[in-house]
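Inspection log for the structure reproduced underneath, given as structure tokens.
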Amino acid sequence: MAPTPLSGIRNALSRFAGRELGVTKVSLHPSVRLETAIARSLICFAIIPVVETDVSEVLDVYFRQCSILVTAKDLAVMAGTLANRGRQSGDQSTSACAYAVSRTLSVMTSSGMYDYAGEWVYRVGFPAKSGVGGGIVAALPGQFGLGTFSPLLDSHGNSVRGLKVCEEIFVSFPVAHAEQVGRFANVSHCRL
């Protein structure tokens, strides 16, 4: 039987976490209707191409992937794996190739903190991704990974306490973060 898109995503995230991750029942988040309307509008106005797959199926996979269960420790292990070029710190097994990691870190830097991304780069400066559940995964390549969890969100949808922890770590451990992020720019392509 062919793997489903959700099982592929869950398997990849499980490799990053170093353990099998579960999925909880999908709850209807307040943004479901908004995100559905946005997707349909983008197709209607030809901003994204019409796909053969129904947009409802794509959104279903998206909302289900948001229901993958992780702990704060899982977030930290995932962040450490990103910081270590896709290798697990304990056994050095590869969860992702350097090319995929470099592209992931680039997207995390540019948009991982939603509308706060520009301010984030100014204040903290290393790649991070927050989730509406209150988690943050942050990685400084070649240095460390950090996972935080606290559900109180700010107006941008980022964890209030998670932001503070990351800012404090940046202040406490000043590092040449821009140079570290750029280290992964010259890596060869790989298959995901």
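Here's how to read the names in the structure tokens: chain A, B, ... by the order shown, residue numbers from 1 in each chain, ligand numbers from 1 in the order shown.
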
Go through stretch 136-169 of chain A and flag each residue having an atom no more than 6 Å from stretch 109-128 of chain A; for those, report the closest pair of atoms plus their distance in Å to one decimal, using only C-alpha atoms, ordered by chain and rising number, as JSON lines.
{"residue": "A:Val137", "atom": "CA", "partner": "A:Ala128", "partner_atom": "CA", "distance": 5.4}
{"residue": "A:Ala138", "atom": "CA", "partner": "A:Ala128", "partner_atom": "CA", "distance": 4.0}
{"residue": "A:Ala139", "atom": "CA", "partner": "A:Pro127", "partner_atom": "CA", "distance": 5.7}
{"residue": "A:Leu140", "atom": "CA", "partner": "A:Phe126", "partner_atom": "CA", "distance": 5.7}
{"residue": "A:His156", "atom": "CA", "partner": "A:Asp115", "partner_atom": "CA", "distance": 6.0}
{"residue": "A:Glu167", "atom": "CA", "partner": "A:Val124", "partner_atom": "CA", "distance": 5.8}

DSSP-assigned strand (DSSP E or B) among chain A, expressed as a PDB file with C-alpha atoms, in the first residue's frame:
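What landed in states.pdb:
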ATOM      1  CA  VAL A  23      -1.292  12.059  15.619  1.00  0.00           C
ATOM      2  CA  ILE A  68       1.104  15.530  15.014  1.00  0.00           C
ATOM      3  CA  ARG A  87      22.176  14.368  11.728  1.00  0.00           C
ATOM      4  CA  THR A  94      21.006  11.231   8.974  1.00  0.00           C
ATOM      5  CA  ALA A 128      13.192  29.523  13.923  1.00  0.00           C
ATOM      6  CA  LYS A 129       9.680  28.248  13.328  1.00  0.00           C
ATOM      7  CA  SER A 130       6.778  28.744  15.660  1.00  0.00           C
ATOM      8  CA  GLY A 135       6.006  25.559  20.207  1.00  0.00           C
ATOM      9  CA  ILE A 136       9.162  27.096  18.790  1.00  0.00           C
ATOM     10  CA  VAL A 137      12.004  25.273  17.049  1.00  0.00           C
ATOM     11  CA  ALA A 138      15.157  27.392  16.703  1.00  0.00           C
ATOM     12  CA  ALA A 139      18.512  26.302  15.304  1.00  0.00           C
ATOM     13  CA  LEU A 140      21.876  27.974  15.051  1.00  0.00           C
ATOM     14  CA  PHE A 144      22.834  24.395  19.015  1.00  0.00           C
ATOM     15  CA  GLY A 145      19.147  23.713  18.639  1.00  0.00           C
ATOM     16  CA  LEU A 146      16.424  24.921  20.963  1.00  0.00           C
ATOM     17  CA  GLY A 147      12.842  23.801  21.460  1.00  0.00           C
ATOM     18  CA  THR A 148      10.372  25.685  23.610  1.00  0.00           C
ATOM     19  CA  PHE A 149       6.714  25.187  24.427  1.00  0.00           C
ATOM     20  CA  LEU A 153       0.537  33.437  21.976  1.00  0.00           C
ATOM     21  CA  SER A 159       4.703  31.848  21.935  1.00  0.00           C
TER      22      SER A 159
END

What does the distance between atom CA of A:Arg40 and atom CA of A:Cys66 come to in Å, to one decimal place?
-> 19.8 Å

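Atom pair atom CA of A:Arg33 / atom CA of A:Ser14: separated by 28.7 Å.
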
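Nearest residue to A:Leu163 among A:Gly131, A:Gly142, A:Ala46, A:Tyr99 is A:Gly131, counting only C-alpha atoms.
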
Residues within 8 Å of A:Leu69, please, as a PDB file with C-alpha atoms, in the first residue's frame. Count only C-alpha atoms; anything in the same chain fewer than 5 positions from it doesn't count.
ATOM      1  CA  LEU A  21       5.332  10.487  16.681  1.00  0.00           C
ATOM      2  CA  GLY A  22       1.588  10.052  17.033  1.00  0.00           C
ATOM      3  CA  VAL A  23      -1.292  12.059  15.619  1.00  0.00           C
ATOM      4  CA  THR A  24      -4.179  13.366  17.664  1.00  0.00           C
TER       5      THR A  24
END

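We find atom CA of A:Ala98 and atom CA of A:Val132 to be spaced 27.2 Å apart.
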
Could you tell me, as a ChimeraX atom specification, which residues of chain A DSSP assigns to helix (DSSP H, G or I) when given the backbone?
-> /A:5-17,31-44,55-65,72-83,98-111,114-123,160-172,177-182

May I ask which of the residues A:Gln143, A:Val32, A:Ser41, A:Glu20 is the closest one to A:Phe173, counting only C-alpha atoms?
-> A:Gln143
